[in-house]
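Okay, run_7.cif is below, mmCIF, C-alpha atoms (C1' of nucleotides):
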```
data_target
#
loop_
_atom_site.group_PDB
_atom_site.id
_atom_site.type_symbol
_atom_site.label_atom_id
_atom_site.label_comp_id
_atom_site.auth_asym_id
_atom_site.auth_seq_id
_atom_site.Cartn_x
_atom_site.Cartn_y
_atom_site.Cartn_z
ATOM 1 C CA MET A 1 25.080 21.679 -122.483
ATOM 2 C CA PRO A 2 26.613 18.625 -124.040
ATOM 3 C CA GLU A 3 24.738 15.433 -123.248
ATOM 4 C CA LEU A 4 24.923 11.983 -124.816
ATOM 5 C CA PRO A 5 24.016 13.019 -128.396
ATOM 6 C CA GLU A 6 26.388 15.994 -128.386
ATOM 7 C CA VAL A 7 29.264 13.975 -126.921
ATOM 8 C CA GLU A 8 28.627 11.196 -129.426
ATOM 9 C CA THR A 9 28.697 13.760 -132.236
ATOM 10 C CA VAL A 10 31.964 15.206 -130.953
ATOM 11 C CA VAL A 11 33.549 11.750 -130.802
ATOM 12 C CA ARG A 12 32.407 10.860 -134.313
ATOM 13 C CA SER A 13 33.640 14.142 -135.769
ATOM 14 C CA LEU A 14 36.887 13.931 -133.841
ATOM 15 C CA ALA A 15 37.820 10.355 -134.690
ATOM 16 C CA PRO A 16 39.195 11.044 -138.208
ATOM 17 C CA HIS A 17 41.401 13.816 -136.808
ATOM 18 C CA ALA A 18 42.669 11.948 -133.764
ATOM 19 C CA THR A 19 42.772 8.210 -134.375
ATOM 20 C CA GLY A 20 46.292 6.953 -135.004
ATOM 21 C CA ARG A 21 47.862 10.360 -134.392
ATOM 22 C CA LEU A 22 50.985 10.907 -132.322
ATOM 23 C CA ILE A 23 50.896 13.562 -129.583
ATOM 24 C CA ILE A 24 53.915 15.793 -130.129
ATOM 25 C CA ARG A 25 53.222 18.434 -127.518
ATOM 26 C CA ALA A 26 50.623 18.983 -124.784
ATOM 27 C CA ALA A 27 50.026 22.351 -123.098
ATOM 28 C CA PHE A 28 47.662 23.251 -120.280
ATOM 29 C CA GLY A 29 46.586 26.569 -118.799
ATOM 30 C CA LYS A 30 45.894 27.126 -115.139
ATOM 31 C CA SER A 31 42.244 26.236 -114.815
ATOM 32 C CA PRO A 32 39.921 24.126 -112.693
ATOM 33 C CA VAL A 33 39.397 22.053 -115.844
ATOM 34 C CA VAL A 34 42.902 20.652 -115.394
ATOM 35 C CA ARG A 35 43.503 19.520 -111.836
ATOM 36 C CA GLN A 36 46.596 17.451 -112.396
ATOM 37 C CA ASP A 37 49.988 19.108 -112.590
ATOM 38 C CA ALA A 38 50.431 20.471 -116.093
ATOM 39 C CA GLY A 39 54.006 19.195 -116.405
ATOM 40 C CA VAL A 40 53.160 15.711 -115.204
ATOM 41 C CA LEU A 41 50.161 15.613 -117.486
ATOM 42 C CA ALA A 42 52.229 16.660 -120.469
ATOM 43 C CA SER A 43 54.856 14.024 -119.711
ATOM 44 C CA HIS A 44 52.147 11.342 -119.758
ATOM 45 C CA LEU A 45 50.847 12.530 -123.116
ATOM 46 C CA GLU A 46 53.795 13.646 -125.194
ATOM 47 C CA GLY A 47 55.111 10.830 -127.372
ATOM 48 C CA ARG A 48 51.941 8.763 -126.963
ATOM 49 C CA ARG A 49 49.788 7.578 -129.837
ATOM 50 C CA ILE A 50 45.997 7.916 -129.838
ATOM 51 C CA GLU A 51 44.753 4.438 -130.651
ATOM 52 C CA ARG A 52 40.997 4.862 -130.338
ATOM 53 C CA LEU A 53 38.242 7.200 -129.163
ATOM 54 C CA GLU A 54 35.281 6.121 -127.091
ATOM 55 C CA ARG A 55 32.234 7.705 -125.488
ATOM 56 C CA ARG A 56 31.157 6.516 -122.038
ATOM 57 C CA GLY A 57 28.109 8.417 -120.870
ATOM 58 C CA LYS A 58 29.159 12.048 -121.304
ATOM 59 C CA PHE A 59 32.875 11.238 -121.062
ATOM 60 C CA ILE A 60 35.189 11.222 -124.069
ATOM 61 C CA LEU A 61 38.017 8.711 -123.744
ATOM 62 C CA PHE A 62 41.241 8.932 -125.728
ATOM 63 C CA HIS A 63 42.751 5.466 -125.466
ATOM 64 C CA LEU A 64 46.509 5.917 -125.812
ATOM 65 C CA ASP A 65 49.228 3.347 -126.364
ATOM 66 C CA ARG A 66 49.837 3.933 -122.666
ATOM 67 C CA GLY A 67 47.067 5.277 -120.474
ATOM 68 C CA VAL A 68 43.763 7.015 -121.078
ATOM 69 C CA LEU A 69 42.962 10.701 -121.450
ATOM 70 C CA SER A 70 39.403 11.437 -120.370
ATOM 71 C CA VAL A 71 37.587 14.639 -121.248
ATOM 72 C CA HIS A 72 34.257 15.802 -119.866
ATOM 73 C CA LEU A 73 32.791 18.853 -121.592
ATOM 74 C CA GLY A 74 30.805 20.063 -118.579
ATOM 75 C CA MET A 75 28.507 22.856 -119.698
ATOM 76 C CA THR A 76 30.512 24.847 -122.218
ATOM 77 C CA GLY A 77 33.426 22.624 -123.162
ATOM 78 C CA ARG A 78 34.458 22.278 -126.792
ATOM 79 C CA LEU A 79 36.935 19.872 -128.359
ATOM 80 C CA LEU A 80 38.067 21.396 -131.648
ATOM 81 C CA ALA A 81 40.266 19.993 -134.386
ATOM 82 C CA ASN A 82 42.713 22.332 -136.105
ATOM 83 C CA ALA A 83 41.289 25.492 -134.525
ATOM 84 C CA GLU A 84 42.998 28.712 -133.480
ATOM 85 C CA PRO A 85 43.524 29.102 -129.719
ATOM 86 C CA GLY A 86 41.275 31.732 -128.091
ATOM 87 C CA PRO A 87 40.795 33.349 -124.696
ATOM 88 C CA TYR A 88 38.990 30.273 -123.374
ATOM 89 C CA THR A 89 41.467 27.672 -124.559
ATOM 90 C CA ARG A 90 42.377 25.552 -121.514
ATOM 91 C CA ALA A 91 44.430 22.836 -123.204
ATOM 92 C CA SER A 92 46.005 22.104 -126.540
ATOM 93 C CA LEU A 93 47.544 19.064 -128.152
ATOM 94 C CA THR A 94 49.896 19.322 -131.084
ATOM 95 C CA LEU A 95 49.687 16.151 -133.150
ATOM 96 C CA ASP A 96 51.958 14.755 -135.842
ATOM 97 C CA ALA A 97 49.214 15.940 -138.198
ATOM 98 C CA GLY A 98 46.965 18.748 -137.016
ATOM 99 C CA SER A 99 46.051 19.811 -133.497
ATOM 100 C CA LEU A 100 43.328 19.507 -130.871
ATOM 101 C CA LEU A 101 42.091 22.292 -128.594
ATOM 102 C CA TYR A 102 39.943 22.229 -125.505
ATOM 103 C CA ASP A 103 37.967 25.467 -125.043
ATOM 104 C CA ASP A 104 35.688 26.056 -122.061
ATOM 105 C CA ILE A 105 34.152 29.359 -120.969
ATOM 106 C CA ARG A 106 32.623 28.303 -117.661
ATOM 107 C CA GLN A 107 35.169 25.641 -116.847
ATOM 108 C CA PHE A 108 32.797 22.973 -115.577
ATOM 109 C CA GLY A 109 34.603 20.504 -117.811
ATOM 110 C CA ARG A 110 37.413 18.171 -116.690
ATOM 111 C CA ILE A 111 40.515 16.778 -118.352
ATOM 112 C CA GLU A 112 42.296 13.910 -116.652
ATOM 113 C CA TRP A 113 44.952 11.349 -117.464
ATOM 114 C CA SER A 114 44.927 7.911 -115.862
ATOM 115 C CA ALA A 115 46.887 4.733 -116.340
ATOM 116 C CA GLU A 116 43.748 2.633 -116.673
ATOM 117 C CA ALA A 117 40.177 3.838 -117.053
ATOM 118 C CA PRO A 118 39.516 6.863 -114.817
ATOM 119 C CA ALA A 119 37.949 6.042 -111.457
ATOM 120 C CA GLY A 120 34.798 8.027 -112.093
ATOM 121 C CA LEU A 121 33.775 5.777 -114.943
ATOM 122 C CA ALA A 122 33.245 2.790 -112.686
ATOM 123 C CA ARG A 123 30.360 4.641 -111.080
ATOM 124 C CA LEU A 124 28.505 5.182 -114.346
ATOM 125 C CA GLY A 125 25.340 3.261 -115.078
ATOM 126 C CA PRO A 126 24.664 1.619 -118.451
ATOM 127 C CA ASP A 127 24.190 3.512 -121.686
ATOM 128 C CA PRO A 128 20.501 4.127 -122.445
ATOM 129 C CA LEU A 129 21.079 3.223 -126.094
ATOM 130 C CA THR A 130 22.237 -0.284 -125.309
ATOM 131 C CA VAL A 131 20.716 -1.143 -121.916
ATOM 132 C CA THR A 132 18.340 -4.109 -121.997
ATOM 133 C CA ALA A 133 14.725 -3.666 -120.970
ATOM 134 C CA ALA A 134 15.241 -6.052 -118.048
ATOM 135 C CA THR A 135 18.202 -4.077 -116.705
ATOM 136 C CA PHE A 136 16.400 -0.794 -117.252
ATOM 137 C CA HIS A 137 13.403 -2.013 -115.293
ATOM 138 C CA SER A 138 15.564 -3.304 -112.454
ATOM 139 C CA ILE A 139 17.371 0.047 -112.246
ATOM 140 C CA LEU A 140 14.134 1.909 -111.571
ATOM 141 C CA ARG A 141 12.224 -0.763 -109.669
ATOM 142 C CA GLY A 142 11.654 0.027 -106.015
ATOM 143 C CA ARG A 143 13.043 3.556 -106.263
ATOM 144 C CA ARG A 144 11.197 6.269 -104.469
ATOM 145 C CA GLY A 145 12.737 9.184 -106.310
ATOM 146 C CA ARG A 146 11.095 11.251 -108.993
ATOM 147 C CA ILE A 147 11.626 9.940 -112.480
ATOM 148 C CA LYS A 148 13.311 13.071 -113.785
ATOM 149 C CA SER A 149 15.826 13.129 -110.920
ATOM 150 C CA LEU A 150 16.682 9.507 -111.608
ATOM 151 C CA LEU A 151 17.109 10.061 -115.341
ATOM 152 C CA LEU A 152 19.679 12.728 -114.498
ATOM 153 C CA ASN A 153 21.580 10.419 -112.135
ATOM 154 C CA GLN A 154 24.617 9.197 -114.063
ATOM 155 C CA ARG A 155 25.082 6.262 -111.672
ATOM 156 C CA LEU A 156 21.790 4.803 -112.838
ATOM 157 C CA LEU A 157 21.962 5.640 -116.549
ATOM 158 C CA ALA A 158 24.877 7.450 -118.163
ATOM 159 C CA GLY A 159 24.465 10.232 -120.678
ATOM 160 C CA ILE A 160 21.064 11.850 -120.129
ATOM 161 C CA GLY A 161 21.076 15.509 -119.055
ATOM 162 C CA ASN A 162 18.455 18.158 -118.516
ATOM 163 C CA ILE A 163 17.367 18.763 -122.104
ATOM 164 C CA TYR A 164 16.952 15.135 -123.081
ATOM 165 C CA ALA A 165 15.332 14.151 -119.791
ATOM 166 C CA ASP A 166 12.522 16.614 -120.547
ATOM 167 C CA GLU A 167 12.214 15.576 -124.181
ATOM 168 C CA ILE A 168 12.224 11.866 -123.292
ATOM 169 C CA LEU A 169 9.560 12.253 -120.604
ATOM 170 C CA PHE A 170 7.362 14.233 -122.982
ATOM 171 C CA ARG A 171 7.657 11.574 -125.661
ATOM 172 C CA ALA A 172 6.873 8.871 -123.106
ATOM 173 C CA ARG A 173 3.982 10.993 -121.745
ATOM 174 C CA ILE A 174 5.261 10.633 -118.184
ATOM 175 C CA HIS A 175 5.133 13.458 -115.636
ATOM 176 C CA PRO A 176 8.622 14.518 -114.457
ATOM 177 C CA LEU A 177 7.562 14.234 -110.802
ATOM 178 C CA ALA A 178 6.181 10.695 -111.183
ATOM 179 C CA ALA A 179 7.518 8.248 -108.592
ATOM 180 C CA ALA A 180 9.893 6.056 -110.587
ATOM 181 C CA GLY A 181 9.247 2.919 -108.574
ATOM 182 C CA ARG A 182 5.522 3.144 -109.221
ATOM 183 C CA LEU A 183 5.804 3.162 -112.994
ATOM 184 C CA GLY A 184 4.237 0.003 -114.407
ATOM 185 C CA PRO A 185 5.846 -2.220 -117.060
ATOM 186 C CA ALA A 186 3.997 -0.520 -119.907
ATOM 187 C CA ARG A 187 5.173 2.949 -118.941
ATOM 188 C CA LEU A 188 8.731 1.739 -118.311
ATOM 189 C CA GLU A 189 8.744 0.182 -121.737
ATOM 190 C CA ARG A 190 7.457 3.428 -123.232
ATOM 191 C CA LEU A 191 10.119 5.361 -121.354
ATOM 192 C CA LEU A 192 12.985 3.235 -122.647
ATOM 193 C CA MET A 193 11.671 3.377 -126.206
ATOM 194 C CA ALA A 194 11.280 7.148 -125.937
ATOM 195 C CA ALA A 195 14.830 7.487 -124.625
ATOM 196 C CA ARG A 196 16.255 5.527 -127.524
ATOM 197 C CA GLN A 197 14.185 7.348 -130.128
ATOM 198 C CA VAL A 198 14.952 10.825 -128.802
ATOM 199 C CA LEU A 199 18.670 10.170 -128.327
ATOM 200 C CA GLU A 200 19.123 8.468 -131.695
ATOM 201 C CA GLN A 201 17.228 11.164 -133.524
ATOM 202 C CA ALA A 202 19.311 13.802 -131.760
ATOM 203 C CA ILE A 203 22.524 12.033 -132.767
ATOM 204 C CA SER A 204 21.353 11.897 -136.371
ATOM 205 C CA ARG A 205 20.834 15.676 -136.206
ATOM 206 C CA GLY A 206 24.256 16.338 -134.702
ATOM 207 C CA GLY A 207 22.890 17.151 -131.246
ATOM 208 C CA SER A 208 21.235 20.304 -129.889
ATOM 209 C CA SER A 209 23.044 23.640 -130.193
ATOM 210 C CA ILE A 210 21.359 25.492 -127.346
ATOM 211 C CA SER A 211 24.140 27.630 -125.924
ATOM 212 C CA ASP A 212 27.518 27.270 -127.530
ATOM 213 C CA TYR A 213 27.729 23.619 -128.448
ATOM 214 C CA VAL A 214 29.477 22.738 -131.691
ATOM 215 C CA ASP A 215 31.199 19.549 -132.841
ATOM 216 C CA SER A 216 34.957 19.208 -133.303
ATOM 217 C CA GLU A 217 34.780 20.918 -136.687
ATOM 218 C CA GLY A 218 32.777 23.845 -135.362
ATOM 219 C CA ARG A 219 29.444 22.715 -136.802
ATOM 220 C CA SER A 220 26.206 23.326 -134.906
ATOM 221 C CA GLY A 221 23.631 20.611 -134.374
ATOM 222 C CA SER A 222 20.005 21.052 -135.355
ATOM 223 C CA PHE A 223 18.025 18.929 -132.907
ATOM 224 C CA GLN A 224 17.070 22.066 -130.966
ATOM 225 C CA LEU A 225 14.701 22.775 -133.865
ATOM 226 C CA LEU A 226 12.858 19.575 -132.970
ATOM 227 C CA HIS A 227 12.587 20.202 -129.229
ATOM 228 C CA GLN A 228 9.005 19.654 -128.119
ATOM 229 C CA VAL A 229 9.102 21.049 -124.574
ATOM 230 C CA TYR A 230 12.598 22.186 -123.558
ATOM 231 C CA GLY A 231 12.593 25.984 -123.459
ATOM 232 C CA LYS A 232 9.009 26.032 -124.766
ATOM 233 C CA GLN A 233 7.227 27.230 -121.629
ATOM 234 C CA GLY A 234 4.055 29.089 -122.579
ATOM 235 C CA SER A 235 4.044 27.693 -126.111
ATOM 236 C CA PRO A 236 1.332 25.247 -127.182
ATOM 237 C CA CYS A 237 2.060 21.556 -126.769
ATOM 238 C CA PRO A 238 2.731 20.100 -130.237
ATOM 239 C CA ARG A 239 0.527 17.131 -129.355
ATOM 240 C CA CYS A 240 -2.515 18.686 -127.640
ATOM 241 C CA GLY A 241 -2.116 22.461 -127.736
ATOM 242 C CA ALA A 242 -2.062 23.000 -123.958
ATOM 243 C CA ALA A 243 0.505 25.542 -122.735
ATOM 244 C CA ILE A 244 3.848 23.972 -121.856
ATOM 245 C CA ARG A 245 4.671 24.513 -118.199
ATOM 246 C CA LYS A 246 8.032 25.118 -116.519
ATOM 247 C CA ILE A 247 8.761 23.994 -112.967
ATOM 248 C CA VAL A 248 11.894 23.182 -110.982
ATOM 249 C CA VAL A 249 12.792 19.535 -110.357
ATOM 250 C CA ALA A 250 16.117 18.501 -108.844
ATOM 251 C CA GLN A 251 17.230 22.142 -109.078
ATOM 252 C CA ARG A 252 16.785 22.022 -112.851
ATOM 253 C CA GLY A 253 14.412 23.862 -115.106
ATOM 254 C CA THR A 254 11.833 21.254 -116.123
ATOM 255 C CA HIS A 255 9.444 21.592 -119.045
ATOM 256 C CA TYR A 256 6.377 19.447 -119.612
ATOM 257 C CA CYS A 257 2.830 19.398 -120.929
ATOM 258 C CA PRO A 258 0.339 19.403 -118.031
ATOM 259 C CA HIS A 259 -2.248 17.659 -120.218
ATOM 260 C CA CYS A 260 -0.186 14.951 -121.938
ATOM 261 C CA GLN A 261 1.982 14.230 -118.897
ATOM 262 C CA ARG A 262 -0.474 13.680 -116.047
ATOM 263 C CA PRO A 263 0.831 13.160 -112.507
ATOM 264 C "C1'" DA B 1 21.019 3.936 -98.283
ATOM 265 C "C1'" DT B 2 18.807 7.625 -100.670
ATOM 266 C "C1'" DC B 3 17.580 11.753 -101.802
ATOM 267 C "C1'" DT B 4 18.201 16.949 -101.658
ATOM 268 C "C1'" DA B 5 20.727 21.324 -101.366
ATOM 269 C "C1'" DT B 6 25.032 23.780 -102.227
ATOM 270 C "C1'" DT B 7 29.027 24.986 -104.789
ATOM 271 C "C1'" DC B 8 31.787 25.919 -108.649
ATOM 272 C "C1'" DC B 9 31.932 29.227 -113.151
ATOM 273 C "C1'" DT B 10 30.936 33.284 -116.498
ATOM 274 C "C1'" DG B 11 28.418 35.232 -120.637
ATOM 275 C "C1'" DG B 12 24.133 36.930 -121.569
ATOM 276 C "C1'" DC B 13 19.851 38.620 -120.404
ATOM 277 C "C1'" DT B 14 16.465 41.466 -117.605
ATOM 278 C "C1'" DG B 15 15.015 45.409 -115.410
ATOM 279 C "C1'" DC B 16 15.710 49.662 -113.055
ATOM 280 C "C1'" DT C 1 23.144 53.815 -121.635
ATOM 281 C "C1'" DG C 2 24.975 51.435 -117.881
ATOM 282 C "C1'" DC C 3 25.174 48.235 -114.605
ATOM 283 C "C1'" DA C 4 23.704 45.205 -110.705
ATOM 284 C "C1'" DG C 5 21.701 40.978 -110.203
ATOM 285 C "C1'" DC C 6 19.978 36.839 -111.755
ATOM 286 C "C1'" DC C 7 19.923 32.703 -114.739
ATOM 287 C "C1'" DA C 8 21.617 28.547 -117.192
ATOM 288 C "C1'" DG C 9 23.187 23.369 -115.221
ATOM 289 C "C1'" DG C 10 26.890 18.745 -114.754
ATOM 290 C "C1'" DA C 11 28.525 16.655 -111.036
ATOM 291 C "C1'" DA C 12 31.244 16.498 -106.652
ATOM 292 C "C1'" DT C 13 30.317 17.313 -102.061
ATOM 293 C "C1'" DA C 14 27.919 18.102 -97.842
ATOM 294 C "C1'" DG C 15 23.864 17.681 -95.366
ATOM 295 C "C1'" DA C 16 19.156 15.583 -94.068
#
```

Rewrite the structure from the file as structure tokens, please.
Amino acid sequence: MPELPEVETVVRSLAPHATGRLIIRAAFGKSPVVRQDAGVLASHLEGRRIERLERRGKFILFHLDRGVLSVHLGMTGRLLANAEPGPYTRASLTLDAGSLLYDDIRQFGRIEWSAEAPAGLARLGPDPLTVTAATFHSILRGRRGRIKSLLLNQRLLAGIGNIYADEILFRARIHPLAAAGRLGPARLERLLMAARQVLEQAISRGGSSISDYVDSEGRSGSFQLLHQVYGKQGSPCPRCGAAIRKIVVAQRGTHYCPHCQRP
DNA sequence: ATCTATTCCTGGCTGC
DNA sequence: TGCAGCCAGGAATAGA
């Protein structure tokens, strides 16, 4: 389940393989991942040069000398450099040096070409790693939703998914069902600090390899070894020893310590 | 305007 | 051993 740290890791590992490369050939299978016509898509890509890669929330942007190719990994998407195509390969780019593949078992990912930035990006909120405290506070102020639901909302903040929402809330010692708008300045400050610390530490570990996430060179991350609550239901809280609890919030499995994260 | 439920997808796990 | 049924969840969409 690639979230901000995994997508950032993919972009960093991909950049040396992709930046400055010329796209010789682009091929797409029939898949919900690719919604545009394969021939039209290929005609937009073939002959173009990849000038720069960028992460925006969980989106990977290939800035071309004309247009932008955006890739969202969904749940099981993989962008691989110089890999052999497999049964789940949905797209492939042949470059003037090397190749790029997009593999995706469950096909929740999306690949899209657009002349400018793709429309969906305009709806994304700021990046939690760079958002100012003032903006962060204003995003959550007056909201009646539960804090975990809001952390997952990409329009408010872009990049946090289910794993990191749980880990961030644990670090900030905030209950996932807490009313966001009622969090005081001290807790909001703690929440933003926790978000930055968790996400940056996860990036430094190459992300969390929970299901089948690997970077563009096929390497697993190791942050899953440092998870405090995600997937730890029944295990003792690393801070107080109470049993970690699992509930459902916003239709997502939600893990927290009932002692450290009081309602 | 907001928030919540549903839908898409399939490998892997559970339990009979 | 085999297999039906459930589970995981990012985000668009529909519904409250």

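Selected on chain C by distance to chain A: DA8, DG9, DG10 and DA11 of chain C (within 9 Å, counting all atoms listed in the file).
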
Practice task
Return the single residue from A:Ala180, A:Leu188, A:Ile105, A:Ile111 that is closest to chain B, with distances computed using only C-alpha atoms (C1' of nucleotides).
Solution key: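 Closest candidate: A:Ile105.
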
Exercise for the section: Using all atoms listed in the file, find the residues of chain B whose closest atom to chain A is at most 9 Å away, then write them as number ranges by chain. Expected result: B: 2-5, 8-11

Exercise for the section: Could you expand the PyMOL selection byres ((chain A and resi 89) around 7) into the explicit residues it covers here, written as a list of chain:residue names? Expected result: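 This file, filtered by the PyMOL selection byres ((chain A and resi 89) around 7), leaves A:Pro85, A:Gly86, A:Pro87, A:Tyr88, A:Arg90, A:Ala91, A:Leu101, A:Tyr102, A:Asp103, A:Asp104.
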
Would you mind listing what lies within 12 Å of DC16 of chain B as a PDB file with C-alpha atoms (C1' of nucleotides), in the coordinates of the input, with all atoms listed in the file counted and same-chain residues fewer than 3 positions away left out?
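Saved to part.pdb:
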```pdb
ATOM      1  C1'  DG C   2      24.975  51.435-117.881  1.00  0.00           C
ATOM      2  C1'  DC C   3      25.174  48.235-114.605  1.00  0.00           C
ATOM      3  C1'  DA C   4      23.704  45.205-110.705  1.00  0.00           C
ATOM      4  C1'  DG C   5      21.701  40.978-110.203  1.00  0.00           C
TER       5       DG C   5
END
```

Handout entry: One-decimal distance in Å that lies between atom CA of Thr254 of chain A and atom CA of Val11 of chain A
Key =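 Taking atom CA of Val11 of chain A as the start and atom CA of Thr254 of chain A as the end point, the length is 27.9 Å.
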
Practice task
Tell me which residues the PyMOL selection byres ((chain A and resi 52) around 9) grabs here, as a list in words.
Solution key: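 Applied to this file, the PyMOL selection byres ((chain A and resi 52) around 9) returns Ala15, Ala18, Thr19, Gly20, Ile50, Glu51, Leu53, Glu54, Leu61, Phe62, His63 and Leu64 of chain A.
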
Problem - Selection: 9 Å around segment 193-199 of chain A, only C-alpha atoms (C1' of nucleotides), excl. self and same-chain fewer than 3 positions, as a list in words - result: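 Close residues of segment 193-199 of chain A: Leu4, Pro5, Pro128, Leu129, Thr130, Ile160, Tyr164, Ala165, Glu167, Ile168, Leu169, Phe170, Arg171, Ala172, Leu188, Glu189, Arg190, Ala202, Ile203, Ser204 and Gly207 of chain A.
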
As AutoDock Vina command-line options, please report the centre and edge lengths, rounded to one decimal in Å, of the axis-aligned box that holds all listed atoms of segment 7-15 of chain C with 8 Å of padding on each of the six sides.
```
--center_x 25.6 --center_y 24.6 --center_z -106.3 --size_x 27.3 --size_y 32.2 --size_z 37.8
```

Practice task
Kindly give the distance, in Å, that separates atom CA of Arg48 of chain A and atom CA of Gly98 of chain A, rounded to a single decimal.
Solution key: 15.0 Å

Problem - Interatomic distance, atom CA of Ser99 of chain A to atom CA of Ala27 of chain A (Å, one decimal) - result: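 Computing the Euclidean distance for atom CA of Ser99 of chain A and atom CA of Ala27 of chain A yields 11.4 Å.
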
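If you count all atoms listed in the file and ignore residues fewer than 4 places along the chain from Arg173 of chain A, what sits within 8 Å of it is Leu169, Cys260, Gln261 and Arg262 of chain A.
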
Problem - Result set of the PyMOL selection byres ((chain C and resi 14) around 12) on the coordinates above, as a PyMOL selection string - result: (chain B and resi 4-7) or (chain C and resi 12-13+15-16)

Problem - Pick from A:Arg219, A:His259, A:Arg56, A:Arg25 nearest to Leu41 of chain A, counting only C-alpha atoms - result: A:Arg25
